[in-house]
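Student: Below is a structure I'd like to ask you about.
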Amino acid sequence: MLKRRCHCNYIPPYVLENMVKAANLEEEQKRIFLNTMYAGDRSRDKREIKSVPMEIFMGVTTAPAGTSALEVYDCQTQWIQRVKLVRGQGDPVTGDDSVNHAYDFAGTVRDYYKQVLQRNSIDNLGLNLILNVHYGVKYMNAFWDGDEMTFGDGDGQIFVDFSKSLDVVGHELTHGVTQFTANLDYYSQPGALNESFSDVFGTAITQWASKETADKADWLIGDEIMGPSLYGEALRSMKEPGTAYDNPLMGKDPQPGHMKDYYTGTGDNQGVHINSGIPNKAFYLASMDMGTEVAALIWYTALQKLWPKANFSDTVAVIVESARLLVKAGQVKAGAPQKVRAAFKAVGL
Amino acid sequence: MAIVNLRISGSILHIHYECSGGYANLRLTLTVDTDDLPPQLAKELLRLVKASGVFNIKPSEVTPASHGPPDVFLYQLSLSDAKRTQALALNDVTVPVTLRPLLTLLQQIALEQQDKR
């Protein structure tokens, strides 16, 4: 997110969105357009004004690069972010496991994007990674709000500390990557794709960090943060959507693994956490066929070409095209587009 | 989505609470009358309602402008008594700090009741 004074004139969103879809638009220009268009929505949510200076918008210059520094703040169980900086980049280990987990896992995510995908932090310009731990009282959640990550401690019974899981950190920071690339709307199919890309890279990063192959991985999301009351359960299964949990507290996992079971209700922003099961399974199948690292490269390439209102069909086409281009560039083996098509066909797309 | 309907008539408070979304896509609901709660719990709930100033919150100030950000909890609160009605839609980014203790207690009660089903 660019945070500078605005000297921009208003440009209608439909103009910006059409420009984003232009095939020959440079990635940096696309990111600038998307952030110009959506900075207002995000700023209203955070109650502050964020916008883009004209000289950056017009591509005369680019935003200065950051240093990808890690900053961990202790919210001290207050419902406020950035209460006290407790560990900055390069600072030694503290006595607080939450602080150390957040620091280590965010560093792993940053390193993955840099070393594997050649991406310089969340915005590809070295955005510093701000992490808030001990947020609120028994807060059973973690989220990326457009600027920073926030982790709750859980209640100790149902959920434990959300900073304890590399899955969670990878998932949430990838929402930031999506914000600076496709910027998928958090609603209906674009929102389910937004969620899916976060599960995809949360999982890919976890497998990379533990040097695990697709066939050895458990393909579960959120199993590390389940508390004693729900030990053994998980929040989502990319391998078998709909099987992650079944208990009186959470009910039954509602995720479909095929378009025939697509959720059409209004809850959860029209099912962003529910219908993400369908593209999640496609990624699982593609990874089992090609390896997670190859599949992740294809998915990441596609993420940079997508747009805010892209739906499932759009995304399949872009992912297949991305596979084709990577074959052409010699970065993945021949046969990849066919394997991607087969993976999506298996889930009804 | 958290929906809390409070109808205050004398000492009776009717509450309906829902919370949804988040990383875990939690779905919590609670429907209860304070008469059905242990006296101490009912008293605490009423204290938090008063302390939160919920009737003074302007809905337009807390209604999210977009569907995001990703993975925040979504809340709705509807309150009414003989004279006043309040209906709020909020998320983790827009909820006032003063409302947090009430939401935390309602979440706790909802979890306990949901686990007993």
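Here's how to read the names in the structure tokens: chain A, B, ... by the order shown, residue numbers from 1 in each chain, ligand numbers from 1 in the order shown.
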Fewer than 6 positions away in the same chain doesn't count, so skip those; otherwise give me all residues within 6 Å of stretch 188-204 of chain A, counting only C-alpha atoms, as a ChimeraX atom specification.

Tutor: /A:167,170-171,174-175,270,272,275-276,280,309-311

Student: Let's have the selection written as a PDB file, in the first residue's frame, with C-alpha atoms.

Tutor:
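Result saved to part.pdb:
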```pdb
ATOM      1  CA  ASP A 167       0.146 -21.679   7.614  1.00  0.00           C
ATOM      2  CA  GLY A 170       1.694 -17.378   5.053  1.00  0.00           C
ATOM      3  CA  HIS A 171      -2.042 -17.187   4.403  1.00  0.00           C
ATOM      4  CA  THR A 174      -0.439 -13.641   0.901  1.00  0.00           C
ATOM      5  CA  HIS A 175      -3.615 -11.563   1.194  1.00  0.00           C
ATOM      6  CA  GLN A 270     -21.173 -15.241  -0.518  1.00  0.00           C
ATOM      7  CA  VAL A 272     -15.372 -16.783   0.259  1.00  0.00           C
ATOM      8  CA  ASN A 275     -16.156 -22.061  -2.251  1.00  0.00           C
ATOM      9  CA  SER A 276     -12.396 -21.617  -1.956  1.00  0.00           C
ATOM     10  CA  ASN A 280      -7.957 -25.356  -3.450  1.00  0.00           C
ATOM     11  CA  LYS A 309     -13.534  -9.109 -10.471  1.00  0.00           C
ATOM     12  CA  ALA A 310     -12.000 -12.221 -12.014  1.00  0.00           C
ATOM     13  CA  ASN A 311     -14.208 -15.272 -11.513  1.00  0.00           C
TER      14      ASN A 311
END
```

Student: For chain B, work out the contacting residues on chain A at 6 Å, counting only C-alpha atoms, and write them as a list in words.

Tutor: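 That gives the following set of residues: Asn141, Phe143, Asp145, Tyr186, Leu235, Pro248, Leu249 and Asp268 of chain A.
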
Student: Would you list the contacts of B:Leu88 as JSON, numbers by chain, taking every protein, DNA or RNA residue within 9 Å and counting only C-alpha atoms, but skipping same-chain residues closer than 3 positions in sequence?

Tutor: {"B": [3, 4, 57, 58, 59, 60, 62, 63, 75, 76, 77, 78, 79]}

Student: Identify, on the basis of only C-alpha atoms, every residue whose closest approach to B:Asp36 does not exceed 12 Å; exclude the query and any residue fewer than 3 positions from it along the same chain; express the result as number ranges by chain.

Tutor: B: 12-15, 31-33, 39-43

Student: To one decimal place, how far is atom CA of A:Gly348 from atom CA of A:Gly335 in Å?

Tutor: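 That distance, rounded to one decimal, is 20.2 Å.
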
Student: From the options B:Val54, B:Arg47, B:Leu99, B:Asp35, which residue's atoms come nearest to B:Ser80, counting only C-alpha atoms?

Tutor: B:Val54

Student: Using DSSP secondary structure from the backbone, list all helix (DSSP H, G or I) positions within chain B, as a PyMOL selection string.

Tutor: chain B and resi 34-36+39-52+54-56+59-62+97-116

Student: Of the candidates A:Trp208, A:Glu71, A:Pro256, A:Asp261, which shows the shortest atom-to-atom distance to A:Ala296, using only C-alpha atoms?

Tutor: A:Trp208

Student: What does the distance from atom CA of A:Val294 to atom CA of A:Asn128 come to in Å, to one decimal?

Tutor: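 Taking atom CA of A:Val294 and atom CA of A:Asn128, their separation equals 27.5 Å.
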